[in-house]
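Q: Structure file entry-v9.txt (compact mmCIF, C-alpha atoms and all ligand atoms) is given on the next line.
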```txt
# COMPACT_ATOMS: atom_id res chain seq x y z
CA MET O 1 146.30 -239.46 -1.12
CA ASN O 2 147.13 -243.14 -1.33
CA GLU O 3 149.56 -245.72 -2.54
CA LYS O 4 148.58 -245.07 -6.10
CA VAL O 5 150.31 -241.77 -5.72
CA GLN O 6 153.47 -243.59 -4.84
CA VAL O 7 152.99 -245.68 -7.93
CA ARG O 8 152.69 -242.55 -10.03
CA ARG O 9 155.80 -241.12 -8.49
CA SER O 10 157.72 -244.27 -9.26
CA MET O 11 156.36 -244.12 -12.79
CA ALA O 12 157.53 -240.58 -13.22
CA ALA O 13 160.93 -241.44 -11.82
CA SER O 14 161.50 -244.33 -14.16
CA ALA O 15 161.88 -243.10 -17.71
CA VAL O 16 163.25 -246.42 -18.88
CA LEU O 17 160.30 -248.30 -17.47
CA MET O 18 157.85 -245.91 -19.07
CA ALA O 19 159.55 -246.28 -22.43
CA ALA O 20 159.06 -250.02 -22.13
CA LEU O 21 155.47 -249.59 -21.13
CA PHE O 22 154.81 -247.45 -24.19
CA LEU O 23 155.78 -250.40 -26.32
CA LEU O 24 153.14 -252.67 -24.84
CA PRO O 25 150.57 -253.57 -27.46
CA VAL O 26 147.39 -251.57 -27.46
CA ILE O 27 144.43 -253.92 -27.34
CA LEU O 28 141.13 -252.24 -27.77
CA VAL O 29 137.86 -252.67 -26.03
CA GLU O 30 134.97 -252.75 -28.40
CA PRO O 31 132.10 -251.37 -26.44
CA TYR O 32 128.43 -251.43 -27.02
CA PRO O 33 127.75 -248.22 -28.92
CA VAL O 34 126.49 -245.23 -27.02
CA VAL O 35 122.84 -244.75 -27.94
CA SER O 36 122.94 -241.02 -28.50
CA ALA O 37 124.42 -239.65 -31.68
CA ALA O 38 125.16 -236.42 -29.87
CA GLN O 39 128.63 -235.73 -28.59
CA PRO O 40 128.95 -236.11 -24.83
CA LYS O 41 128.66 -232.79 -23.08
CA PRO O 42 131.35 -231.52 -20.74
CA PRO O 43 130.91 -232.67 -17.15
CA GLU O 44 128.40 -230.65 -15.21
CA THR O 45 130.62 -230.38 -12.19
CA LYS O 46 134.03 -228.88 -12.64
CA PRO O 47 136.65 -231.61 -12.25
CA THR O 48 139.99 -231.25 -10.64
CA VAL O 49 142.68 -230.78 -13.25
CA ILE O 50 146.11 -231.92 -12.27
CA THR O 51 148.40 -228.94 -12.55
CA ALA O 52 150.55 -229.29 -9.45
CA PRO O 53 152.57 -232.05 -7.78
CA VAL O 54 150.48 -234.58 -5.91
CA GLN O 55 150.00 -234.51 -2.16
CA THR O 56 151.86 -236.37 0.56
CA VAL O 57 151.28 -240.07 0.94
CA PRO O 58 149.74 -241.50 4.12
CA GLU O 59 151.03 -244.76 5.57
CA ALA O 60 147.70 -246.56 5.59
CA VAL O 61 146.92 -249.03 2.81
CA PRO O 62 143.95 -247.59 0.95
CA MET O 63 140.75 -249.44 0.27
CA GLN O 64 140.21 -250.13 -3.42
CA GLU O 65 137.29 -247.74 -3.66
CA GLU O 66 139.58 -244.90 -2.62
CA THR O 67 141.77 -245.39 -5.63
CA ARG O 68 141.87 -242.32 -7.83
CA LEU O 69 142.84 -242.14 -11.45
CA ARG O 70 143.55 -239.58 -14.13
CA VAL O 71 141.14 -239.69 -17.03
CA LEU O 72 141.94 -238.05 -20.36
CA GLN O 73 138.80 -236.53 -21.87
CA ASN O 74 138.71 -234.09 -24.79
CA GLY O 75 142.33 -233.16 -24.24
CA GLN O 76 141.85 -232.47 -20.54
CA VAL O 77 143.07 -234.69 -17.70
CA ILE O 78 140.48 -235.12 -15.00
CA GLU O 79 141.21 -236.77 -11.67
CA MET O 80 138.39 -238.76 -10.17
CA ALA O 81 137.69 -241.69 -7.86
CA LEU O 82 137.90 -245.04 -9.61
CA GLU O 83 134.43 -246.06 -8.47
CA ASP O 84 132.88 -242.80 -9.72
CA TYR O 85 134.66 -243.24 -13.04
CA LEU O 86 133.25 -246.75 -13.33
CA VAL O 87 129.67 -245.51 -13.07
CA GLY O 88 130.41 -243.35 -16.12
CA VAL O 89 131.90 -246.30 -17.98
CA VAL O 90 128.92 -248.56 -17.32
CA ARG O 91 126.55 -245.75 -18.39
CA ALA O 92 128.39 -245.62 -21.70
CA GLU O 93 129.33 -249.22 -22.32
CA MET O 94 126.16 -251.24 -21.64
CA PRO O 95 122.46 -250.49 -22.11
CA ALA O 96 121.01 -249.72 -18.68
CA SER O 97 117.99 -251.81 -19.64
CA PHE O 98 120.14 -254.93 -19.26
CA GLU O 99 119.73 -257.29 -16.32
CA PRO O 100 121.24 -256.09 -13.01
CA GLU O 101 123.62 -259.06 -12.86
CA ALA O 102 124.85 -258.29 -16.39
CA LEU O 103 125.47 -254.67 -15.38
CA LYS O 104 127.44 -255.90 -12.36
CA ALA O 105 129.54 -258.16 -14.58
CA GLN O 106 130.15 -255.17 -16.84
CA ALA O 107 131.14 -253.02 -13.87
CA VAL O 108 133.69 -255.59 -12.71
CA ALA O 109 135.04 -256.06 -16.24
CA ALA O 110 135.43 -252.29 -16.60
CA ARG O 111 137.08 -252.02 -13.17
CA THR O 112 139.45 -254.84 -14.05
CA TYR O 113 140.30 -253.33 -17.43
CA THR O 114 141.04 -250.02 -15.73
CA LEU O 115 143.23 -251.64 -13.08
CA TYR O 116 145.06 -253.50 -15.82
CA LYS O 117 145.81 -250.23 -17.56
CA MET O 118 146.92 -248.63 -14.29
CA THR O 119 149.22 -251.50 -13.36
CA THR O 120 150.77 -251.97 -16.80
CA GLY O 121 151.15 -248.32 -17.77
CA GLY O 122 148.27 -248.14 -20.21
CA ASN O 123 148.16 -246.23 -23.47
CA HIS O 124 148.89 -242.70 -22.26
CA GLY O 125 152.23 -242.82 -20.51
CA PRO O 126 152.71 -240.53 -17.52
CA GLU O 127 149.97 -238.13 -18.65
CA ALA O 128 146.88 -240.17 -17.80
CA ASP O 129 145.80 -243.62 -16.66
CA ILE O 130 143.03 -244.05 -19.20
CA CYS O 131 141.01 -242.08 -21.76
CA THR O 132 137.34 -241.82 -22.68
CA ASP O 133 137.81 -242.77 -26.34
CA SER O 134 136.12 -246.13 -26.82
CA THR O 135 138.41 -246.97 -29.71
CA CYS O 136 141.44 -246.52 -27.42
CA CYS O 137 140.40 -247.36 -23.85
CA GLN O 138 136.81 -247.34 -22.58
CA ALA O 139 133.83 -245.10 -23.29
CA TYR O 140 132.69 -242.79 -20.50
CA LEU O 141 129.51 -240.78 -20.15
CA ASP O 142 128.81 -238.18 -17.48
CA ALA O 143 125.49 -238.22 -15.64
CA ALA O 144 123.89 -235.36 -17.57
CA SER O 145 124.68 -236.82 -20.98
CA ALA O 146 123.42 -240.24 -19.93
CA ALA O 147 120.23 -238.72 -18.52
CA ALA O 148 119.64 -236.94 -21.83
CA ASN O 149 119.87 -240.29 -23.61
CA TRP O 150 117.68 -242.12 -21.13
CA GLY O 151 114.84 -239.60 -21.03
CA GLU O 152 112.08 -240.39 -18.57
CA ARG O 153 113.86 -243.52 -17.34
CA ALA O 154 116.96 -241.56 -16.42
CA GLU O 155 116.49 -241.64 -12.66
CA ALA O 156 115.82 -245.37 -12.51
CA TYR O 157 118.65 -246.18 -14.90
CA GLU O 158 121.16 -244.00 -13.04
CA GLU O 159 120.26 -245.78 -9.82
CA LYS O 160 120.56 -249.17 -11.48
CA VAL O 161 124.00 -248.42 -12.94
CA ALA O 162 125.32 -246.88 -9.72
CA GLN O 163 124.03 -249.90 -7.79
CA ALA O 164 125.86 -252.29 -10.13
CA VAL O 165 129.13 -250.50 -9.37
CA ALA O 166 128.45 -250.20 -5.63
CA ASP O 167 127.37 -253.84 -5.25
CA THR O 168 130.68 -254.98 -6.73
CA ALA O 169 132.88 -252.31 -5.12
CA GLY O 170 136.56 -253.13 -5.36
CA GLN O 171 136.00 -256.50 -7.03
CA ALA O 172 138.19 -257.43 -9.97
CA VAL O 173 138.92 -260.41 -12.20
CA LEU O 174 142.36 -261.75 -11.36
CA TYR O 175 144.79 -264.17 -12.98
CA GLY O 176 147.85 -265.00 -10.92
CA GLY O 177 146.68 -262.35 -8.48
CA GLN O 178 146.81 -259.60 -11.09
CA PRO O 179 143.98 -257.78 -12.89
CA ILE O 180 143.42 -259.21 -16.35
CA LEU O 181 143.01 -257.49 -19.67
CA ALA O 182 139.24 -257.75 -19.30
CA VAL O 183 138.16 -256.96 -22.84
CA PHE O 184 134.53 -257.21 -23.85
CA HIS O 185 132.35 -256.89 -26.92
CA ALA O 186 128.70 -256.42 -27.77
CA ALA O 187 127.62 -259.78 -29.20
CA SER O 188 129.42 -262.92 -30.27
CA ALA O 189 128.32 -265.34 -32.95
CA GLY O 190 127.68 -268.08 -30.41
CA LEU O 191 131.32 -268.61 -29.53
CA THR O 192 133.83 -266.07 -28.26
CA ARG O 193 137.31 -265.91 -29.74
CA LYS O 194 140.83 -266.62 -28.55
CA ALA O 195 142.83 -263.42 -28.25
CA GLY O 196 145.53 -264.72 -30.58
CA GLU O 197 143.02 -265.25 -33.38
CA VAL O 198 142.21 -261.55 -33.35
CA TRP O 199 145.32 -259.82 -32.02
CA SER O 200 149.03 -260.51 -31.94
CA SER O 201 149.18 -263.02 -29.12
CA ASP O 202 147.15 -265.26 -26.86
CA LEU O 203 146.42 -264.70 -23.20
CA PRO O 204 145.61 -267.72 -21.04
CA TYR O 205 142.36 -266.22 -19.75
CA LEU O 206 141.03 -265.10 -23.17
CA GLN O 207 139.91 -268.38 -24.71
CA ALA O 208 137.01 -269.29 -26.98
CA VAL O 209 133.93 -270.20 -24.92
CA PRO O 210 130.27 -270.73 -25.87
CA SER O 211 128.08 -267.64 -25.62
CA ALA O 212 124.37 -267.79 -24.94
CA GLU O 213 122.97 -264.91 -26.99
CA THR O 214 120.90 -265.45 -30.11
CA GLY O 215 119.92 -262.95 -32.74
CA ALA O 216 116.27 -262.86 -31.72
CA GLU O 217 116.51 -259.91 -29.35
CA ILE O 218 119.65 -258.18 -30.59
CA PRO O 219 119.35 -255.28 -33.04
CA ASN O 220 121.45 -255.76 -36.17
CA TYR O 221 122.74 -259.11 -34.94
CA TYR O 222 122.71 -260.12 -38.58
CA SER O 223 124.00 -257.42 -40.89
CA ARG O 224 124.86 -257.05 -44.54
CA ALA O 225 127.54 -254.95 -46.19
CA GLU O 226 127.82 -254.44 -49.92
CA PHE O 227 130.79 -253.14 -51.90
CA SER O 228 131.19 -252.61 -55.61
CA THR O 229 134.02 -254.76 -56.90
CA ALA O 230 135.95 -251.57 -57.69
CA ALA O 231 135.51 -250.21 -54.15
CA PHE O 232 136.48 -253.54 -52.60
CA ARG O 233 139.59 -253.78 -54.74
CA GLU O 234 140.57 -250.23 -53.85
CA LYS O 235 140.19 -250.81 -50.10
CA VAL O 236 142.28 -253.97 -50.13
CA LEU O 237 144.98 -252.54 -52.40
CA ALA O 238 145.34 -249.55 -50.10
CA ALA O 239 146.48 -251.94 -47.37
CA TYR O 240 147.97 -254.73 -49.46
CA GLY O 241 149.50 -253.29 -52.61
CA GLY O 242 150.62 -256.72 -53.76
CA ALA O 243 147.13 -258.19 -53.92
CA ASP O 244 146.17 -259.52 -57.35
CA PHE O 245 142.64 -258.87 -58.59
CA SER O 246 143.25 -259.69 -62.24
CA GLY O 247 140.95 -262.72 -62.16
CA SER O 248 137.20 -262.98 -61.78
CA PRO O 249 135.72 -261.48 -58.57
CA GLN O 250 134.51 -265.02 -57.82
CA GLU O 251 138.17 -265.89 -57.21
CA TRP O 252 139.16 -262.84 -55.19
CA ILE O 253 138.34 -264.23 -51.75
CA THR O 254 139.15 -267.86 -51.08
CA GLY O 255 140.30 -270.35 -48.49
CA ALA O 256 138.61 -268.98 -45.40
CA VAL O 257 139.64 -270.80 -42.22
CA THR O 258 136.84 -270.51 -39.68
CA ASP O 259 136.08 -271.71 -36.18
CA SER O 260 132.95 -273.70 -35.42
CA ALA O 261 130.88 -270.50 -35.02
CA GLY O 262 131.95 -269.14 -38.40
CA ASN O 263 134.42 -266.54 -37.19
CA VAL O 264 137.00 -266.12 -39.94
CA LYS O 265 140.50 -266.79 -38.61
CA THR O 266 142.31 -266.26 -41.91
CA VAL O 267 141.25 -265.78 -45.50
CA ASN O 268 143.02 -265.37 -48.83
CA VAL O 269 142.26 -262.03 -50.49
CA GLY O 270 143.78 -261.41 -53.91
CA GLY O 271 146.50 -263.94 -53.16
CA VAL O 272 147.33 -262.45 -49.75
CA THR O 273 146.50 -264.29 -46.53
CA VAL O 274 144.99 -261.92 -43.96
CA ARG O 275 143.28 -262.35 -40.61
CA GLY O 276 139.51 -262.22 -40.64
CA SER O 277 139.75 -259.45 -38.06
CA THR O 278 141.98 -257.48 -40.43
CA LEU O 279 139.59 -257.77 -43.35
CA ARG O 280 136.77 -256.88 -40.98
CA ALA O 281 138.58 -253.67 -40.02
CA LEU O 282 139.43 -252.83 -43.62
CA LEU O 283 135.80 -253.11 -44.68
CA GLY O 284 134.19 -251.82 -41.50
CA LEU O 285 132.21 -255.04 -40.95
CA ARG O 286 130.48 -255.42 -37.60
CA SER O 287 132.41 -258.59 -36.79
CA ALA O 288 134.81 -261.12 -38.32
CA CYS O 289 132.04 -263.72 -38.44
CA PHE O 290 131.10 -263.35 -42.08
CA THR O 291 130.36 -265.07 -45.34
CA TRP O 292 130.27 -263.43 -48.75
CA GLU O 293 129.06 -263.83 -52.28
CA VAL O 294 129.38 -262.04 -55.59
CA GLN O 295 126.13 -260.43 -56.68
CA GLY O 296 126.41 -258.82 -60.10
CA ASP O 297 129.19 -256.26 -59.84
CA SER O 298 129.17 -256.30 -56.04
CA LEU O 299 130.69 -258.26 -53.20
CA VAL O 300 128.16 -258.76 -50.43
CA PHE O 301 129.13 -259.74 -46.88
CA PHE O 302 126.72 -261.34 -44.42
CA VAL O 303 127.87 -260.70 -40.88
CA THR O 304 126.85 -262.15 -37.50
CA GLY O 305 127.36 -260.45 -34.12
CA TYR O 306 129.10 -257.23 -33.24
CA GLY O 307 132.60 -256.59 -31.97
CA HIS O 308 135.94 -258.36 -31.85
CA GLY O 309 134.45 -261.39 -30.12
CA VAL O 310 137.08 -261.65 -27.37
CA GLY O 311 136.31 -261.84 -23.64
CA LEU O 312 132.94 -261.02 -22.17
CA SER O 313 130.00 -260.81 -24.55
CA GLN O 314 127.62 -258.16 -23.26
CA HIS O 315 124.53 -259.68 -24.84
CA GLY O 316 125.71 -263.11 -23.77
CA ALA O 317 126.09 -261.83 -20.21
CA ASN O 318 122.58 -260.42 -20.37
CA GLN O 319 121.22 -263.75 -21.59
CA MET O 320 123.05 -265.62 -18.82
CA ALA O 321 121.59 -263.20 -16.27
CA LYS O 322 118.09 -263.75 -17.68
CA ASN O 323 118.69 -267.45 -17.21
CA GLY O 324 119.52 -266.87 -13.55
CA ALA O 325 123.30 -266.52 -13.49
CA GLY O 326 124.94 -264.12 -11.06
CA TRP O 327 127.66 -261.70 -12.08
CA GLN O 328 130.43 -263.92 -10.73
CA GLU O 329 129.21 -266.87 -12.80
CA VAL O 330 129.09 -264.66 -15.89
CA LEU O 331 132.68 -263.48 -15.43
CA LEU O 332 134.02 -266.93 -14.59
CA HIS O 333 132.40 -268.20 -17.77
CA TYR O 334 133.82 -265.62 -20.16
CA TYR O 335 137.29 -265.36 -18.60
CA THR O 336 139.12 -268.68 -18.29
CA ASP O 337 140.89 -269.92 -15.13
CA VAL O 338 140.45 -266.64 -13.28
CA SER O 339 139.41 -265.73 -9.76
CA ILE O 340 137.36 -262.81 -8.50
CA GLY O 341 138.40 -260.69 -5.57
CA PRO O 342 139.69 -257.32 -4.43
CA TYR O 343 142.92 -256.00 -5.87
CA ARG O 344 145.30 -253.73 -4.03
CA PHE O 345 148.17 -251.86 -5.56
CA THR O 346 151.71 -252.60 -4.55
CA ASN O 347 154.64 -250.29 -5.10
CA ASP O 348 156.02 -252.60 -7.72
CA LEU O 349 154.15 -251.97 -10.96
CA GLN O 350 155.07 -255.26 -12.55
CA THR O 351 154.25 -257.73 -9.76
ZN ZN O 401 143.07 -244.38 -24.27
```
Please express the file's structure as structure tokens.
A:
Amino acid sequence: MNEKVQVRRSMAASAVLMAALFLLPVILVEPYPVVSAAQPKPPETKPTVITAPVQTVPEAVPMQEETRLRVLQNGQVIEMALEDYLVGVVRAEMPASFEPEALKAQAVAARTYTLYKMTTGGNHGPEADICTDSTCCQAYLDAASAAANWGERAEAYEEKVAQAVADTAGQAVLYGGQPILAVFHAASAGLTRKAGEVWSSDLPYLQAVPSAETGAEIPNYYSRAEFSTAAFREKVLAAYGGADFSGSPQEWITGAVTDSAGNVKTVNVGGVTVRGSTLRALLGLRSACFTWEVQGDSLVFFVTGYGHGVGLSQHGANQMAKNGAGWQEVLLHYYTDVSIGPYRFTNDLQT
């Protein structure tokens, strides 16, 4: 085994530390949706399930690609090599039809996100390093399930995805020498978003930057969502019981504060000020870049882009790659003031 094992042992030995780690905020990755509507099948090859204490630790410092992690999938913890896991994440998180440099950027973002979870304790305590639920950690797709989605292009796509991971082996996005919370989303509205506009706090490397994608080639880049006034009122009141909808529906939503791309930072709904990202979640809108109007007895929302808008934009990365950018350039664009290089674990989880 390797130094990661030592890390796990120190994790297990430190109940106080783990309790603190549990309290870290959970910040979600919003992946590109998996194409297939079918549920992923169980892995074809039987994984190793951790049921016994881990093995002895050698003295040698392991190479990054030897790092192993415990992945929670369908209630089962599977141990696998980090680099093998990453192939499954890229299969699930980005269309394999994307440019090779975009896939490499995605592979490094996914590796970095995983390392961040491993070094900070993640969302699953001592049980697992990461899970395959895209609404919690990152999506993951085994080779057989991906092949079923890809059809006749399966062989070429599998090779392309595996190559993206292999060509960037061990590389991570670092800030202060540590792996960053490398979140990503499907498509921005022309400008990504500062973390603090969407979640509870800012991070220095998650700033708003221009993003190159346009709606021309992106399915559902512009979307529309319609709610009856009664349904809208019910959804908001379920979360904000003090909201006041006694006036005309024309007056229910007011005072939107937006950035230059139209992402709603805050908006007043029934007299309550909420984040655009919160209203987005309440209504199930594809992004927080929206406008609205009253049409008869309905409230209609017009939405641009897909995802939370923070960090790397997958379609933006693909557009940059089409324009000739390499994966490093893509990552250095979407993550601010970072460097790219290998990351090695130390025995101290927090440094
Ligand atoms: Zn998770």
Q: By how many Å are atom CA of Ile340 of chain O and atom CA of Tyr175 of chain O apart?
A: 8.8 Å
Q: Find the nearest atom pair between each residue of chain O and ligand ZN 401 (chain O) for residues within 6 Å, count all atoms listed in the file, give distances in Å to one decimal, sort rows by chain and ascending number, and present the table as a tab-separated table.
A:
```
residue	atom	partner	partner_atom	distance
O:Asn123	CA	O:ZN401	ZN	5.5
O:Ile130	CA	O:ZN401	ZN	5.1
O:Cys131	CA	O:ZN401	ZN	4.0
O:Asp133	CA	O:ZN401	ZN	5.9
O:Cys136	CA	O:ZN401	ZN	4.1
O:Cys137	CA	O:ZN401	ZN	4.0
```
Q: With distances taken over all atoms listed in the file, which residue among O:Val294, O:Leu299, O:Ala317, O:Ala96 lies nearest Arg153 of chain O?
A: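 Closest residue, counting all atoms listed in the file: O:Ala96.
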Q: Can you measure atom CA of Lys194 of chain O to atom CA of Phe302 of chain O for me? One decimal in Å is fine.
A: 21.9 Å
Q: What does the distance between atom CA of Ile253 of chain O and atom CA of Trp292 of chain O come to in Å, to one decimal place?
A: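 We find that atom CA of Ile253 of chain O and atom CA of Trp292 of chain O lie 8.6 Å from each other.
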Q: Excluding same-chain residues fewer than 5 positions from Thr273 of chain O, what lies within 12 Å of it counting all atoms listed in the file, as a count of residues only?
A: 18
Q: Nearest residue to Pro210 of chain O out of O:Ile78, O:Ala261, O:Val165, O:Met118, using all atoms listed in the file?
A: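 Of the candidates, the smallest distance to Pro210 of chain O is held by O:Ala261.
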Q: Using only C-alpha atoms, which of the listed residues (O:Ala139, O:Met94, O:Val198, O:Ala187) sits closest to Gly215 of chain O?
A: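 For Gly215 of chain O, the nearest of the candidates is O:Ala187.
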Q: Which of these residues is nearest to Gly309 of chain O, using only C-alpha atoms: O:Tyr85, O:Phe245, O:Trp199, O:Trp327?
A: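 For Gly309 of chain O, the nearest of the candidates is O:Trp199.
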Q: Given the choices O:Thr258, O:Tyr140, O:Leu86, O:Tyr222, which gets closest to Asn74 of chain O if the distance is worked out from all atoms listed in the file?
A: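 The shortest atom-to-atom distance to Asn74 of chain O comes from O:Tyr140.
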Q: Dig up all the protein and nucleic acid residues within 12 Å of (122.3, -265.5, -16.2) in the file frame, using all atoms listed in the file, and format them as a PDB file with C-alpha atoms, in the frame of the given file.
A:
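Generated file (result31.pdb):
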```pdb
ATOM      1  CA  PHE O  98     120.140-254.930 -19.260  1.00  0.00           C
ATOM      2  CA  GLU O  99     119.730-257.290 -16.320  1.00  0.00           C
ATOM      3  CA  PRO O 100     121.240-256.090 -13.010  1.00  0.00           C
ATOM      4  CA  GLU O 101     123.620-259.060 -12.860  1.00  0.00           C
ATOM      5  CA  ALA O 102     124.850-258.290 -16.390  1.00  0.00           C
ATOM      6  CA  LEU O 103     125.470-254.670 -15.380  1.00  0.00           C
ATOM      7  CA  LYS O 104     127.440-255.900 -12.360  1.00  0.00           C
ATOM      8  CA  ALA O 105     129.540-258.160 -14.580  1.00  0.00           C
ATOM      9  CA  SER O 211     128.080-267.640 -25.620  1.00  0.00           C
ATOM     10  CA  ALA O 212     124.370-267.790 -24.940  1.00  0.00           C
ATOM     11  CA  GLU O 213     122.970-264.910 -26.990  1.00  0.00           C
ATOM     12  CA  GLN O 314     127.620-258.160 -23.260  1.00  0.00           C
ATOM     13  CA  HIS O 315     124.530-259.680 -24.840  1.00  0.00           C
ATOM     14  CA  GLY O 316     125.710-263.110 -23.770  1.00  0.00           C
ATOM     15  CA  ALA O 317     126.090-261.830 -20.210  1.00  0.00           C
ATOM     16  CA  ASN O 318     122.580-260.420 -20.370  1.00  0.00           C
ATOM     17  CA  GLN O 319     121.220-263.750 -21.590  1.00  0.00           C
ATOM     18  CA  MET O 320     123.050-265.620 -18.820  1.00  0.00           C
ATOM     19  CA  ALA O 321     121.590-263.200 -16.270  1.00  0.00           C
ATOM     20  CA  LYS O 322     118.090-263.750 -17.680  1.00  0.00           C
ATOM     21  CA  ASN O 323     118.690-267.450 -17.210  1.00  0.00           C
ATOM     22  CA  GLY O 324     119.520-266.870 -13.550  1.00  0.00           C
ATOM     23  CA  ALA O 325     123.300-266.520 -13.490  1.00  0.00           C
ATOM     24  CA  GLY O 326     124.940-264.120 -11.060  1.00  0.00           C
ATOM     25  CA  TRP O 327     127.660-261.700 -12.080  1.00  0.00           C
ATOM     26  CA  GLN O 328     130.430-263.920 -10.730  1.00  0.00           C
ATOM     27  CA  GLU O 329     129.210-266.870 -12.800  1.00  0.00           C
ATOM     28  CA  VAL O 330     129.090-264.660 -15.890  1.00  0.00           C
ATOM     29  CA  LEU O 331     132.680-263.480 -15.430  1.00  0.00           C
ATOM     30  CA  LEU O 332     134.020-266.930 -14.590  1.00  0.00           C
ATOM     31  CA  HIS O 333     132.400-268.200 -17.770  1.00  0.00           C
TER      32      HIS O 333
END
```
Q: May I have the residues within 8 Å of Gly341 of chain O as an NGL selection string, using all atoms listed in the file and disregarding those fewer than 2 positions away in the same chain?
A: :O and (170-174 or 339 or 343)
Q: From the list O:Thr291, O:Ser313, O:Phe301, O:Ala230, which residue is nearest Glu93 of chain O when using only C-alpha atoms?
A: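 Smallest separation from Glu93 of chain O among the options: O:Ser313.
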Q: Do you know which residues are at most 12 Å from Ala156 of chain O counting all atoms listed in the file, after dropping those on the same chain fewer than 4 positions away, and could you put them as JSON, numbers by chain?
A: {"O": [96, 97, 146, 147, 150, 151, 152, 160, 161, 162, 163]}
Q: Would you save the residues of that selection, restricted to C-alpha atoms, as an mmCIF file, in the frame of the given file?
A:
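Saved to out.cif:
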```
data_model
loop_
_atom_site.group_PDB
_atom_site.id
_atom_site.type_symbol
_atom_site.label_atom_id
_atom_site.label_comp_id
_atom_site.auth_asym_id
_atom_site.auth_seq_id
_atom_site.Cartn_x
_atom_site.Cartn_y
_atom_site.Cartn_z
ATOM 1 C CA ALA O 96 121.010 -249.720 -18.680
ATOM 2 C CA SER O 97 117.990 -251.810 -19.640
ATOM 3 C CA ALA O 146 123.420 -240.240 -19.930
ATOM 4 C CA ALA O 147 120.230 -238.720 -18.520
ATOM 5 C CA TRP O 150 117.680 -242.120 -21.130
ATOM 6 C CA GLY O 151 114.840 -239.600 -21.030
ATOM 7 C CA GLU O 152 112.080 -240.390 -18.570
ATOM 8 C CA LYS O 160 120.560 -249.170 -11.480
ATOM 9 C CA VAL O 161 124.000 -248.420 -12.940
ATOM 10 C CA ALA O 162 125.320 -246.880 -9.720
ATOM 11 C CA GLN O 163 124.030 -249.900 -7.790
#
```
Q: Which residues are close to segment 201-205 of chain O, i.e. within 10 Å by all atoms listed in the file, leaving aside same-chain residues fewer than 3 positions away? Reply as a PyMOL selection string.
A: chain O and resi 25+174-175+180-182+194-198+208+311+332+334-338
Q: What's the 8 Å shell around Ala128 of chain O, counting only C-alpha atoms, without same-chain residues fewer than 6 positions away, as an MDAnalysis selection string?
A: chainID O and resid 69:72 77
Q: Please determine the residues with any atom at most 12 Å from (140.9, -248.4, -47.4) (coordinates as given in the file, with all atoms listed in the file counting) and report them as a list of chain:residue names.
A: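 I get O:Ala230, O:Ala231, O:Phe232, O:Arg233, O:Glu234, O:Lys235, O:Val236, O:Leu237, O:Ala238, O:Ala239, O:Tyr240, O:Gly241, O:Thr278, O:Leu279, O:Arg280, O:Ala281, O:Leu282, O:Leu283, O:Gly284 for the residues within 12 Å of that point.
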